[in-house]
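S.K.: Have a look at this one before I ask anything.
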Amino acid sequence: FSRELREIEDKQEKEIQSRKFLEREQSEAKRLASSFVEHLDGHQLFDSLWRGDEDGRVLMLVGTQAQELADEYDKDIFELTQEIYKLGLERFTERDEEIRDFFNNLFDGQEELQILGQKEIEWFLQFREIIFEEARIKLLKLEQNSMHGEDEDTPENIKLSDALDKLNIQFEDAINDLWQALMAQELYLHESIQVMYRKTSMVF
């Protein structure tokens, strides 16, 4: 039983190692693809030139000189592709850093604007409470005057009505100011994203 258990454990360990290897391979392939240098980390380009090349196969039958020429050609292509490969990885690193900075700045900007927006809204809510309370008091006074038989055209009632109109205008102005402030913040964030995106795109 213990032998069978060890075999099962060994099999599971091999499967785990195989999955890890496959994940590393996939991660590396993704990294190379993102760097636009996949298939340039070895002799793949040179091999692809000869694959299915009947004339090349016949040429190789000439002998040592042809083989030496092919080896030299392979070496030259490999050196060239290695330069491209290394440059691609360098650019990938730069681009990866730019992308991280982009999202960090984006999240920071969103958080900052969210805080500013919350402050604007909190101020508006406090202002609204003050305006509503003042309006309530003046409306109550108008109702009391009306119940006492006072005419709407009395100096006091006219003054109260004018005050209510001013409060209404102030409230509408506050709503408009809040909307303008929030839209300005949204526009600023949008423009900042566009600028950061253009800078990020210039890496390549």
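All residue names refer to the structure tokens as shown: chains lettered A, B, ... in order, residues numbered from 1 in each chain, ligands numbered from 1 in order.
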Report as a PDB file with N, CA and C atoms, in the first residue's frame all protein, DNA and RNA residues lying within 10 Å of Leu106 of chain A, evaluated on only C-alpha atoms, omitting residues in the same chain fewer than 6 positions from it.

M.R.:
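Contents of result31.pdb, as written:
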ATOM      1  N   ARG A 100       2.371  50.513 -15.929  1.00  0.00           N
ATOM      2  CA  ARG A 100       2.145  50.511 -14.477  1.00  0.00           C
ATOM      3  C   ARG A 100       1.999  51.933 -13.954  1.00  0.00           C
ATOM      4  N   GLU A 112      -8.241  61.003  -6.090  1.00  0.00           N
ATOM      5  CA  GLU A 112      -8.174  62.424  -5.727  1.00  0.00           C
ATOM      6  C   GLU A 112      -9.433  63.164  -6.166  1.00  0.00           C
ATOM      7  N   LEU A 189      -9.982  64.551 -15.686  1.00  0.00           N
ATOM      8  CA  LEU A 189      -9.540  63.158 -15.607  1.00  0.00           C
ATOM      9  C   LEU A 189      -9.458  62.550 -17.001  1.00  0.00           C
ATOM     10  N   HIS A 190     -10.464  62.829 -17.827  1.00  0.00           N
ATOM     11  CA  HIS A 190     -10.481  62.284 -19.187  1.00  0.00           C
ATOM     12  C   HIS A 190      -9.285  62.790 -19.990  1.00  0.00           C
ATOM     13  N   SER A 192      -6.470  63.942 -18.807  1.00  0.00           N
ATOM     14  CA  SER A 192      -5.242  63.392 -18.221  1.00  0.00           C
ATOM     15  C   SER A 192      -5.002  61.973 -18.706  1.00  0.00           C
ATOM     16  N   ILE A 193      -6.085  61.194 -18.810  1.00  0.00           N
ATOM     17  CA  ILE A 193      -5.967  59.822 -19.309  1.00  0.00           C
ATOM     18  C   ILE A 193      -5.462  59.830 -20.745  1.00  0.00           C
ATOM     19  N   MET A 196      -1.723  60.705 -20.734  1.00  0.00           N
ATOM     20  CA  MET A 196      -0.918  59.577 -20.253  1.00  0.00           C
ATOM     21  C   MET A 196      -0.912  58.447 -21.266  1.00  0.00           C
TER      22      MET A 196
END

S.K.: Record the distance separating atom CA of Ile121 of chain A and atom CA of Glu134 of chain A, expressed in Å with one decimal.

M.R.: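 Taking atom CA of Ile121 of chain A and atom CA of Glu134 of chain A, their separation equals 19.8 Å.
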
S.K.: State, in Å with one decimal place, the distance from atom CA of Ile99 of chain A to atom CA of Ile115 of chain A.

M.R.: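 Pair atom CA of Ile99 of chain A / atom CA of Ile115 of chain A returns 24.2 Å.
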
S.K.: What is the atom CA of Glu191 of chain A to atom CA of Lys119 of chain A distance in Å?

M.R.: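 It comes out at 21.8 Å.
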